[in-house]
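Student: Here you go, coords-v8.csv (CSV, C-alpha atoms):
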```csv
chain,number,residue,atom,x,y,z
I,1,MET,CA,117.0,-46.0,-14.8
I,2,PRO,CA,117.4,-49.6,-16.1
I,3,HIS,CA,114.6,-50.9,-18.1
I,4,ASP,CA,114.0,-54.6,-17.7
I,5,HIS,CA,113.4,-55.2,-21.4
I,6,HIS,CA,116.9,-54.0,-22.3
I,7,ASP,CA,118.8,-56.6,-20.3
I,8,HIS,CA,121.1,-57.5,-23.1
I,9,ASP,CA,122.3,-53.9,-23.6
I,10,HIS,CA,123.4,-53.4,-20.1
I,11,SER,CA,126.8,-53.9,-18.6
I,12,HIS,CA,125.4,-55.1,-15.3
I,13,ASP,CA,127.9,-56.1,-12.7
I,14,HIS,CA,126.0,-59.2,-11.7
I,15,SER,CA,128.0,-62.2,-10.9
I,16,HIS,CA,125.5,-64.5,-12.6
I,17,ASP,CA,125.9,-62.7,-16.0
I,18,ALA,CA,128.5,-64.1,-18.3
I,19,LEU,CA,129.3,-64.1,-22.0
I,20,SER,CA,129.7,-67.1,-24.2
I,21,PRO,CA,132.7,-67.2,-26.5
I,22,SER,CA,130.4,-65.9,-29.3
I,23,GLY,CA,129.4,-63.0,-27.1
I,24,HIS,CA,125.9,-64.1,-26.1
I,25,PRO,CA,125.0,-63.5,-22.5
I,26,TYR,CA,123.9,-66.4,-20.4
I,27,ARG,CA,123.2,-67.1,-16.8
I,28,GLN,CA,125.7,-69.4,-15.1
I,29,ASP,CA,124.4,-72.7,-13.8
I,30,ASN,CA,123.4,-72.4,-10.2
I,31,ASP,CA,125.9,-74.9,-8.7
I,32,ALA,CA,126.3,-73.0,-5.5
I,33,PRO,CA,124.8,-74.5,-2.3
I,34,LEU,CA,121.2,-73.5,-1.4
I,35,THR,CA,120.9,-70.4,0.7
I,36,TYR,CA,119.3,-70.4,4.1
I,37,TRP,CA,116.0,-69.1,2.8
I,38,GLN,CA,115.9,-71.6,-0.1
I,39,ARG,CA,116.3,-74.4,2.3
I,40,MET,CA,113.7,-72.9,4.5
I,41,GLU,CA,111.2,-72.7,1.6
I,42,ILE,CA,111.8,-76.3,0.6
I,43,ALA,CA,111.5,-77.5,4.1
I,44,VAL,CA,108.2,-75.7,4.8
I,45,ARG,CA,106.7,-76.7,1.4
I,46,GLU,CA,107.6,-80.4,1.9
I,47,LEU,CA,106.2,-80.3,5.4
I,48,LEU,CA,102.9,-78.7,4.2
I,49,ILE,CA,102.6,-81.4,1.6
I,50,GLU,CA,103.5,-84.3,3.9
I,51,LYS,CA,100.9,-83.1,6.5
I,52,GLY,CA,98.3,-82.9,3.8
I,53,VAL,CA,97.8,-79.1,4.1
I,54,THR,CA,98.5,-78.6,0.4
I,55,THR,CA,99.7,-80.6,-2.6
I,56,ALA,CA,102.4,-80.1,-5.1
I,57,ALA,CA,99.7,-79.7,-7.8
I,58,GLU,CA,98.1,-76.9,-5.8
I,59,VAL,CA,101.5,-75.1,-5.5
I,60,ALA,CA,102.0,-75.4,-9.2
I,61,ALA,CA,98.4,-74.2,-9.9
I,62,GLN,CA,99.1,-71.1,-7.8
I,63,ILE,CA,102.3,-70.4,-9.8
I,64,ASP,CA,100.3,-70.8,-13.0
I,65,LEU,CA,97.6,-68.5,-11.8
I,66,MET,CA,100.2,-65.8,-10.9
I,67,ASP,CA,102.0,-66.3,-14.3
I,68,SER,CA,98.6,-65.8,-16.1
I,69,ARG,CA,98.2,-62.4,-14.6
I,70,SER,CA,99.6,-59.6,-16.7
I,71,PRO,CA,99.3,-55.9,-17.3
I,72,ALA,CA,96.6,-56.7,-19.9
I,73,ASN,CA,94.2,-57.2,-16.9
I,74,GLY,CA,94.9,-53.7,-15.7
I,75,ALA,CA,94.6,-52.3,-19.2
I,76,ALA,CA,91.2,-53.8,-19.5
I,77,VAL,CA,90.1,-52.1,-16.2
I,78,ILE,CA,91.6,-48.7,-17.3
I,79,ALA,CA,89.9,-48.9,-20.7
I,80,ARG,CA,86.6,-49.7,-19.1
I,81,ALA,CA,87.0,-46.6,-16.9
I,82,TRP,CA,87.8,-44.5,-19.9
I,83,THR,CA,84.6,-45.5,-21.6
I,84,ASP,CA,82.2,-45.9,-18.8
I,85,PRO,CA,81.9,-43.0,-16.3
I,86,ALA,CA,79.8,-45.0,-13.8
I,87,PHE,CA,82.5,-47.7,-13.7
I,88,LYS,CA,85.2,-45.0,-13.4
I,89,SER,CA,83.5,-43.6,-10.4
I,90,ARG,CA,83.3,-47.1,-8.8
I,91,LEU,CA,87.0,-47.7,-9.7
I,92,LEU,CA,88.0,-44.5,-7.9
I,93,ASP,CA,85.8,-45.5,-5.0
I,94,ASP,CA,87.2,-49.1,-4.6
I,95,ALA,CA,89.5,-50.3,-7.4
I,96,ALA,CA,89.5,-53.8,-6.0
I,97,GLU,CA,85.8,-54.2,-6.1
I,98,ALA,CA,85.6,-52.7,-9.6
I,99,SER,CA,88.3,-55.1,-10.8
I,100,ARG,CA,86.4,-58.1,-9.3
I,101,GLU,CA,83.3,-56.8,-11.0
I,102,MET,CA,85.1,-57.3,-14.4
I,103,GLY,CA,85.8,-60.9,-13.4
I,104,PHE,CA,89.4,-60.7,-12.4
I,105,ASP,CA,90.4,-63.1,-9.6
I,106,ILE,CA,92.5,-60.8,-7.5
I,107,GLY,CA,92.1,-62.6,-4.1
I,108,PRO,CA,92.2,-60.4,-1.1
I,109,LEU,CA,93.9,-57.5,-2.9
I,110,HIS,CA,93.1,-54.0,-1.5
I,111,LEU,CA,93.5,-51.6,-4.5
I,112,ILE,CA,93.4,-47.8,-4.8
I,113,ALA,CA,93.3,-46.1,-8.2
I,114,VAL,CA,94.8,-42.7,-8.5
I,115,GLU,CA,93.8,-40.5,-11.4
I,116,ASN,CA,96.1,-38.6,-13.6
I,117,THR,CA,94.5,-35.3,-14.7
I,118,ALA,CA,95.5,-32.2,-16.6
I,119,ASP,CA,97.4,-30.9,-13.5
I,120,THR,CA,98.3,-34.1,-11.6
I,121,HIS,CA,100.6,-37.0,-12.3
I,122,ASN,CA,100.8,-40.0,-10.0
I,123,LEU,CA,103.7,-42.3,-9.5
I,124,ILE,CA,103.7,-45.6,-7.5
I,125,VAL,CA,106.6,-47.0,-5.5
I,126,CYS,CA,107.2,-49.3,-2.5
I,127,THR,CA,110.2,-47.8,-0.7
I,128,LEU,CA,110.3,-50.6,1.9
I,129,CYS,CA,110.2,-53.6,-0.4
I,130,SER,CA,108.4,-54.5,-3.6
I,131,CYS,CA,104.6,-54.1,-2.9
I,132,TYR,CA,102.8,-54.1,-6.3
I,133,PRO,CA,99.3,-55.0,-7.4
I,134,ARG,CA,100.5,-58.5,-8.5
I,135,ASN,CA,97.1,-60.0,-8.2
I,136,LEU,CA,95.9,-57.8,-11.0
I,137,LEU,CA,99.0,-56.8,-13.0
I,138,GLY,CA,101.2,-59.9,-12.5
I,139,LEU,CA,104.9,-59.7,-11.3
I,140,PRO,CA,106.5,-56.2,-11.1
I,141,PRO,CA,109.3,-55.3,-13.4
I,142,ASP,CA,112.8,-55.8,-12.0
I,143,TRP,CA,113.6,-52.1,-11.8
I,144,TYR,CA,110.6,-51.6,-9.6
I,145,LYS,CA,112.4,-53.6,-6.9
I,146,THR,CA,115.8,-51.9,-7.1
I,147,ARG,CA,117.1,-49.6,-4.4
I,148,ALA,CA,117.7,-46.9,-7.1
I,149,TYR,CA,114.0,-46.7,-8.1
I,150,ARG,CA,112.7,-47.1,-4.5
I,151,SER,CA,114.9,-44.4,-3.1
I,152,ARG,CA,114.8,-42.0,-6.0
I,153,ALA,CA,111.0,-42.1,-6.7
I,154,VAL,CA,110.2,-40.4,-3.4
I,155,ARG,CA,113.1,-37.9,-3.5
I,156,GLU,CA,113.4,-36.9,-7.2
I,157,PRO,CA,110.4,-38.3,-9.0
I,158,ARG,CA,110.7,-35.7,-11.8
I,159,ALA,CA,114.3,-36.8,-12.6
I,160,VAL,CA,113.1,-40.5,-12.6
I,161,LEU,CA,110.2,-39.6,-14.8
I,162,SER,CA,112.4,-37.8,-17.3
I,163,GLU,CA,114.7,-40.9,-17.5
I,164,PHE,CA,111.7,-42.9,-18.3
I,165,GLY,CA,110.9,-40.4,-21.1
I,166,VAL,CA,108.0,-38.7,-19.4
I,167,ALA,CA,108.3,-35.0,-19.7
I,168,LEU,CA,105.6,-33.3,-17.6
I,169,PRO,CA,104.5,-29.7,-18.4
I,170,ASP,CA,105.6,-27.3,-15.7
I,171,HIS,CA,102.2,-26.8,-14.1
I,172,VAL,CA,101.7,-30.5,-13.4
I,173,SER,CA,102.0,-31.6,-9.8
I,174,VAL,CA,103.6,-34.9,-9.0
I,175,ARG,CA,102.0,-37.1,-6.4
I,176,VAL,CA,104.1,-40.1,-5.3
I,177,HIS,CA,102.3,-43.0,-3.6
I,178,ASP,CA,104.5,-45.1,-1.3
I,179,SER,CA,102.8,-48.6,-0.8
I,180,THR,CA,104.0,-48.9,2.8
I,181,ALA,CA,101.3,-51.2,4.2
I,182,ASP,CA,98.1,-53.0,3.1
I,183,MET,CA,97.0,-51.0,0.0
I,184,ARG,CA,98.2,-51.5,-3.5
I,185,TYR,CA,98.0,-48.8,-6.2
I,186,ILE,CA,97.2,-48.4,-9.9
I,187,VAL,CA,97.4,-45.2,-11.8
I,188,LEU,CA,94.4,-44.3,-13.9
I,189,PRO,CA,96.2,-42.6,-16.8
I,190,ALA,CA,94.6,-39.7,-18.7
I,191,ARG,CA,93.0,-40.9,-21.9
I,192,PRO,CA,95.0,-39.8,-24.9
I,193,ALA,CA,93.4,-37.0,-26.9
I,194,GLY,CA,91.9,-38.0,-30.2
I,195,THR,CA,90.9,-41.5,-29.2
I,196,ASP,CA,87.1,-40.8,-29.0
I,197,ASP,CA,86.4,-43.1,-31.8
I,198,LEU,CA,88.2,-46.1,-30.3
I,199,SER,CA,86.4,-49.0,-28.6
I,200,GLU,CA,87.1,-50.2,-25.1
I,201,THR,CA,89.1,-53.1,-26.6
I,202,GLU,CA,91.0,-50.9,-29.0
I,203,LEU,CA,91.9,-48.5,-26.2
I,204,ALA,CA,93.2,-51.3,-23.9
I,205,ALA,CA,95.9,-52.1,-26.5
I,206,TRP,CA,97.5,-48.7,-25.8
I,207,ILE,CA,97.6,-48.9,-22.1
I,208,THR,CA,101.1,-50.0,-21.0
I,209,ARG,CA,102.3,-51.5,-17.7
I,210,ASP,CA,104.4,-48.4,-17.0
I,211,SER,CA,101.4,-46.1,-17.5
I,212,MET,CA,99.7,-47.9,-14.7
I,213,ILE,CA,102.8,-47.5,-12.4
I,214,GLY,CA,103.1,-43.8,-13.4
I,215,THR,CA,106.5,-44.2,-15.1
I,216,GLY,CA,104.9,-44.0,-18.5
I,217,LEU,CA,102.0,-42.6,-20.4
I,218,PRO,CA,99.6,-44.6,-22.5
I,219,ARG,CA,100.9,-45.0,-26.0
I,220,ALA,CA,98.8,-43.3,-28.7
I,221,PRO,CA,97.7,-44.7,-32.0
I,222,ASP,CA,99.7,-43.6,-35.0
I,223,GLY,CA,99.1,-40.0,-35.9
I,224,LEU,CA,97.8,-39.1,-32.5
I,225,SER,CA,99.5,-37.1,-29.9
I,226,ALA,CA,100.9,-39.1,-27.0
I,227,THR,CA,100.7,-36.2,-24.6
I,228,LYS,CA,98.2,-36.2,-21.8
I,229,ALA,CA,94.6,-35.0,-22.6
P,1,MET,CA,88.8,-30.3,8.8
P,2,VAL,CA,92.5,-31.0,7.9
P,3,GLU,CA,94.0,-33.5,10.3
P,4,ARG,CA,97.7,-32.7,10.9
P,5,VAL,CA,99.8,-35.6,12.2
P,6,ARG,CA,103.5,-36.2,12.9
P,7,ILE,CA,105.1,-39.5,12.4
P,8,ARG,CA,106.7,-40.6,15.6
P,9,ASN,CA,110.4,-40.2,15.6
P,10,LEU,CA,111.3,-43.6,17.0
P,11,MET,CA,113.8,-46.1,15.7
P,12,PRO,CA,112.7,-49.4,17.2
P,13,PRO,CA,114.4,-52.7,16.2
P,14,GLY,CA,112.5,-55.3,14.3
P,15,HIS,CA,109.9,-55.3,11.5
P,16,VAL,CA,108.0,-52.0,11.2
P,17,ARG,CA,106.3,-50.4,8.2
P,18,ALA,CA,106.8,-46.7,8.9
P,19,PRO,CA,109.6,-45.8,6.6
P,20,ALA,CA,112.6,-44.0,8.3
P,21,TYR,CA,112.4,-41.1,5.8
P,22,LEU,CA,109.0,-40.1,7.2
P,23,ARG,CA,109.8,-40.3,10.9
P,24,GLY,CA,109.5,-36.9,12.7
P,25,LYS,CA,107.8,-35.5,9.6
P,26,THR,CA,104.4,-33.7,9.6
P,27,GLY,CA,101.7,-34.4,7.1
P,28,VAL,CA,97.9,-34.4,6.7
P,29,VAL,CA,95.5,-37.3,6.7
P,30,GLU,CA,94.5,-38.0,3.1
P,31,ARG,CA,92.0,-40.8,4.0
P,32,ARG,CA,91.2,-43.4,6.6
P,33,LEU,CA,91.6,-46.9,5.4
P,34,GLY,CA,90.1,-48.9,8.4
P,35,ALA,CA,91.7,-51.4,10.7
P,36,PHE,CA,94.4,-53.9,9.6
P,37,SER,CA,96.4,-56.4,11.6
P,38,ASN,CA,99.5,-54.9,13.0
P,39,PRO,CA,102.4,-56.0,10.8
P,40,GLU,CA,104.9,-55.5,13.7
P,41,GLN,CA,103.3,-58.6,15.3
P,42,LEU,CA,102.3,-60.4,12.2
P,43,ALA,CA,105.9,-60.5,11.1
P,44,TYR,CA,106.7,-62.7,14.1
P,45,ALA,CA,103.6,-64.9,13.9
P,46,LEU,CA,102.3,-63.2,17.1
P,47,PRO,CA,98.6,-62.5,17.6
P,48,ALA,CA,98.2,-59.2,15.8
P,49,ALA,CA,95.9,-56.5,17.1
P,50,PRO,CA,93.9,-54.5,14.6
P,51,LYS,CA,95.3,-51.1,14.1
P,52,GLN,CA,93.7,-48.1,12.2
P,53,LEU,CA,95.6,-47.4,9.0
P,54,TYR,CA,95.8,-43.9,7.5
P,55,ARG,CA,97.1,-42.4,4.3
P,56,VAL,CA,99.2,-39.4,5.1
P,57,ARG,CA,100.3,-36.8,2.6
P,58,PHE,CA,103.6,-35.0,3.0
P,59,THR,CA,105.0,-32.2,0.9
P,60,MET,CA,108.5,-32.7,-0.7
P,61,ALA,CA,109.5,-29.5,1.2
P,62,GLU,CA,108.6,-31.1,4.5
P,63,LEU,CA,110.5,-34.3,3.6
P,64,TRP,CA,113.6,-32.9,2.0
P,65,GLY,CA,113.8,-29.2,2.9
P,66,ASP,CA,115.9,-27.1,0.6
P,67,ALA,CA,117.0,-30.3,-1.3
P,68,ALA,CA,113.4,-30.8,-2.5
P,69,GLU,CA,113.1,-31.2,-6.3
P,70,ARG,CA,109.8,-29.4,-6.3
P,71,PRO,CA,108.7,-28.3,-2.8
P,72,GLU,CA,104.9,-28.5,-3.5
P,73,ASP,CA,105.0,-32.1,-5.0
P,74,THR,CA,103.7,-34.7,-2.5
P,75,VAL,CA,104.3,-38.2,-1.2
P,76,ASP,CA,101.4,-40.2,0.2
P,77,ALA,CA,102.1,-43.2,2.5
P,78,GLU,CA,100.2,-45.6,4.7
P,79,VAL,CA,100.9,-45.3,8.4
P,80,TYR,CA,99.4,-47.1,11.3
P,81,ALA,CA,97.7,-45.1,14.1
P,82,HIS,CA,100.3,-46.0,16.7
P,83,TRP,CA,103.0,-44.2,14.7
P,84,LEU,CA,101.0,-40.9,14.5
P,85,GLU,CA,101.0,-37.9,16.9
P,86,GLU,CA,98.0,-35.6,16.4
P,87,LEU,CA,98.9,-31.9,16.0
P,88,PRO,CA,96.7,-28.8,16.4
P,89,ASP,CA,95.1,-27.9,13.1
P,90,HIS,CA,96.3,-24.3,13.1
P,91,ALA,CA,99.8,-23.6,12.0
P,92,THR,CA,102.3,-23.1,14.8
```
The structure in this file should be written as structure tokens.
Tutor:
Amino acid sequence: MPHDHHDHDHSHDHSHDALSPSGHPYRQDNDAPLTYWQRMEIAVRELLIEKGVTTAAEVAAQIDLMDSRSPANGAAVIARAWTDPAFKSRLLDDAAEASREMGFDIGPLHLIAVENTADTHNLIVCTLCSCYPRNLLGLPPDWYKTRAYRSRAVREPRAVLSEFGVALPDHVSVRVHDSTADMRYIVLPARPAGTDDLSETELAAWITRDSMIGTGLPRAPDGLSATKA
Amino acid sequence: MVERVRIRNLMPPGHVRAPAYLRGKTGVVERRLGAFSNPEQLAYALPAAPKQLYRVRFTMAELWGDAAERPEDTVDAEVYAHWLEELPDHAT
């Protein structure tokens, strides 16, 4: 399973990848004509601006807002759930409302939190496209959108998990969640054992993006076991 | 009461959000999500009727038969009411 942070180590067969004479990879200039959908996007955007429906500044502000969202938002939500049982109960009841309660601007997002326990591991996928709780976690990793991840996650999730380095004990059931319609999903990972003394803020630092997709587990502070509680 | 449903085994053209790998498969309703605008009309900018949306849970055994990696693992997916056929609760 390709990890997006290892781009340079991969021998992808993408036509836009190239190597400089010194061996450094770079993306070729996009000198090709615009595609149909690129022209459509520009035409619609210019019309909306011309007709006063929106402005270029508003478009840029929305892009900025999306870029400002990151897995750290989700990590804050998860850390709160680990330290506040009443909040955890509200999160499992309605994860969108619980996230808004913490002050995150997630727009109209419908969010369901699924809890990893001693005997259940959850994994999120969108087999049809790339549905992801962007309004909370920001943009999805590239691998999340690949056909390989989308098709394999529902067919052989355990093989996928092992490629991500997640070894589940034999008695643990896997629940895959396919985001096929209006809901988005976040995994509530199990709190690592031995973290009782850590504050909510300290805990948040150990909650990775992948642990909220289900392809990873929270990291554990040095000296602590990274296995599930 | 467990609500058993089967996903309609239809292959209509156009934009639908019932994945092909679930069609004809039987699962149980995990929860009701309420009504949402029908994406099959939304996708074409048509007036979209509200449709009830369900989370349906399938076993890997049901989806992949003997090829299942672990038969008792599950896949949950959201499916609109008009893609569901209700089945009797008792096993047949």
Student: For atom CA of I:Trp143 and atom CA of I:Thr35, determine how far apart the two atoms are, in Å to one decimal place.
Tutor: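 Computing the Euclidean distance for atom CA of I:Trp143 and atom CA of I:Thr35 yields 23.3 Å.
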Student: Using only C-alpha atoms, find which residues of chain I lie within 6 Å of chain P and jot them down as an mmCIF file with C-alpha atoms, in the frame of the given file.
Tutor:
```
data_model
loop_
_atom_site.group_PDB
_atom_site.id
_atom_site.type_symbol
_atom_site.label_atom_id
_atom_site.label_comp_id
_atom_site.auth_asym_id
_atom_site.auth_seq_id
_atom_site.Cartn_x
_atom_site.Cartn_y
_atom_site.Cartn_z
ATOM 1 C CA GLU I 156 113.400 -36.900 -7.200
ATOM 2 C CA SER I 173 102.000 -31.600 -9.800
ATOM 3 C CA VAL I 174 103.600 -34.900 -9.000
ATOM 4 C CA ARG I 175 102.000 -37.100 -6.400
ATOM 5 C CA VAL I 176 104.100 -40.100 -5.300
ATOM 6 C CA HIS I 177 102.300 -43.000 -3.600
ATOM 7 C CA ASP I 178 104.500 -45.100 -1.300
ATOM 8 C CA THR I 180 104.000 -48.900 2.800
ATOM 9 C CA ALA I 181 101.300 -51.200 4.200
#
```
Student: Pick out the residues sitting within 6 Å of stretch 108-111 of chain I, and hand them over as a list in words; count only C-alpha atoms, and ignore anything fewer than 2 positions along from it in its own chain.
Tutor: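 Non-adjacent residues within range: Ala95, Ala96, Ile106, Met183, Arg184 and Tyr185 of chain I.
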Student: Store the residues of this selection in a file with C-alpha atoms, as a tab-separated table (two decimals), keeping the file's coordinate frame.
Tutor:
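So part-v8.tsv came out as:
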```tsv
chain	number	residue	atom	x	y	z
I	95	ALA	CA	89.50	-50.30	-7.40
I	96	ALA	CA	89.50	-53.80	-6.00
I	106	ILE	CA	92.50	-60.80	-7.50
I	183	MET	CA	97.00	-51.00	0.00
I	184	ARG	CA	98.20	-51.50	-3.50
I	185	TYR	CA	98.00	-48.80	-6.20
```
Student: How many Å lie between atom CA of I:Pro71 and atom CA of I:Ile186, rounded to one decimal?
Tutor: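 According to the coordinates, atom CA of I:Pro71 and atom CA of I:Ile186 are separated by 10.7 Å.
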Student: Residues at most 12 Å from stretch 84-87 of chain P, counting all atoms listed in the file, excluding those fewer than 3 positions away in the same chain, as a PyMOL selection string?
Tutor: chain P and resi 2-10+18+22-29+51-56+78-81+90-92
Student: To one decimal place in Å, what is the distance between atom CA of I:Ala167 and atom CA of I:Pro85?
Tutor: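 Answer for the atom CA of I:Ala167 to atom CA of I:Pro85 separation: 27.8 Å.
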Student: With all atoms listed in the file as the atoms that count, which of I:Val59, I:Ala18, I:Leu136, I:Val187 lies nearest to I:Gly103?
Tutor: I:Leu136
Student: Per residue of stretch 53-143 of chain I within 12 Å of stretch 202-207 of chain I, which atom pair is closest and at what distance in Å (one decimal), using all atoms listed in the file, listed by chain and increasing number, as JSON lines?
Tutor:
```
{"residue": "I:Pro71", "atom": "CA", "partner": "I:Ile207", "partner_atom": "CA", "distance": 8.7}
{"residue": "I:Ala72", "atom": "CA", "partner": "I:Ala204", "partner_atom": "CA", "distance": 7.5}
{"residue": "I:Asn73", "atom": "CA", "partner": "I:Ala204", "partner_atom": "CA", "distance": 9.2}
{"residue": "I:Gly74", "atom": "CA", "partner": "I:Ile207", "partner_atom": "CA", "distance": 8.4}
{"residue": "I:Ala75", "atom": "CA", "partner": "I:Ala204", "partner_atom": "CA", "distance": 5.0}
{"residue": "I:Ala76", "atom": "CA", "partner": "I:Ala204", "partner_atom": "CA", "distance": 5.4}
{"residue": "I:Val77", "atom": "CA", "partner": "I:Ala204", "partner_atom": "CA", "distance": 8.3}
{"residue": "I:Ile78", "atom": "CA", "partner": "I:Ala204", "partner_atom": "CA", "distance": 7.3}
{"residue": "I:Ala79", "atom": "CA", "partner": "I:Ala204", "partner_atom": "CA", "distance": 5.2}
{"residue": "I:Arg80", "atom": "CA", "partner": "I:Ala204", "partner_atom": "CA", "distance": 8.3}
{"residue": "I:Ala81", "atom": "CA", "partner": "I:Ala204", "partner_atom": "CA", "distance": 10.5}
{"residue": "I:Trp82", "atom": "CA", "partner": "I:Leu203", "partner_atom": "CA", "distance": 8.5}
{"residue": "I:Thr83", "atom": "CA", "partner": "I:Leu203", "partner_atom": "CA", "distance": 9.1}
```
Student: Can you patch up stretch 21-28 of chain P, filling it in to all heavy atoms, and show the result as a tab-separated table (two decimals), in the frame of the given file?
Tutor:
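File produced: selection.tsv:
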```
chain	number	residue	atom	x	y	z
P	21	TYR	N	112.35	-42.44	6.41
P	21	TYR	CA	112.40	-41.10	5.80
P	21	TYR	C	111.20	-40.24	6.23
P	21	TYR	O	111.21	-39.02	6.03
P	21	TYR	CB	112.61	-41.12	4.32
P	21	TYR	CG	111.40	-41.46	3.49
P	21	TYR	CD1	110.62	-40.46	2.90
P	21	TYR	CD2	111.02	-42.78	3.27
P	21	TYR	CE1	109.51	-40.76	2.12
P	21	TYR	CE2	109.91	-43.10	2.49
P	21	TYR	CZ	109.16	-42.08	1.92
P	21	TYR	OH	108.07	-42.38	1.15
P	22	LEU	N	110.15	-40.87	6.78
P	22	LEU	CA	109.00	-40.10	7.20
P	22	LEU	C	108.96	-39.81	8.70
P	22	LEU	O	108.15	-39.02	9.17
P	22	LEU	CB	107.70	-40.93	6.87
P	22	LEU	CG	107.45	-41.21	5.38
P	22	LEU	CD1	106.18	-42.05	5.21
P	22	LEU	CD2	107.35	-39.91	4.59
P	23	ARG	N	109.86	-40.42	9.45
P	23	ARG	CA	109.80	-40.30	10.90
P	23	ARG	C	110.14	-38.85	11.33
P	23	ARG	O	111.12	-38.28	10.83
P	23	ARG	CB	110.68	-41.31	11.59
P	23	ARG	CG	110.17	-42.71	11.27
P	23	ARG	CD	110.92	-43.80	11.97
P	23	ARG	NE	110.74	-45.06	11.25
P	23	ARG	CZ	111.43	-46.16	11.46
P	23	ARG	NH1	112.37	-46.16	12.41
P	23	ARG	NH2	111.20	-47.25	10.77
P	24	GLY	N	109.32	-38.30	12.22
P	24	GLY	CA	109.50	-36.90	12.70
P	24	GLY	C	108.91	-35.91	11.70
P	24	GLY	O	108.94	-34.71	11.96
P	25	LYS	N	108.35	-36.37	10.57
P	25	LYS	CA	107.80	-35.50	9.60
P	25	LYS	C	106.30	-35.27	9.77
P	25	LYS	O	105.59	-36.16	10.24
P	25	LYS	CB	108.05	-36.00	8.16
P	25	LYS	CG	109.51	-36.29	7.84
P	25	LYS	CD	110.37	-35.04	7.89
P	25	LYS	CE	111.80	-35.38	7.47
P	25	LYS	NZ	112.70	-34.22	7.66
P	26	THR	N	105.83	-34.08	9.38
P	26	THR	CA	104.40	-33.70	9.60
P	26	THR	C	103.69	-33.77	8.22
P	26	THR	O	104.21	-33.33	7.20
P	26	THR	CB	104.35	-32.28	10.12
P	26	THR	OG1	104.95	-32.28	11.42
P	26	THR	CG2	102.91	-31.81	10.24
P	27	GLY	N	102.50	-34.34	8.27
P	27	GLY	CA	101.70	-34.40	7.10
P	27	GLY	C	100.21	-34.25	7.43
P	27	GLY	O	99.86	-33.98	8.58
P	28	VAL	N	99.34	-34.42	6.43
P	28	VAL	CA	97.90	-34.40	6.70
P	28	VAL	C	97.28	-35.69	6.27
P	28	VAL	O	97.75	-36.35	5.34
P	28	VAL	CB	97.21	-33.20	5.91
P	28	VAL	CG1	97.77	-31.86	6.36
P	28	VAL	CG2	97.38	-33.37	4.41
```
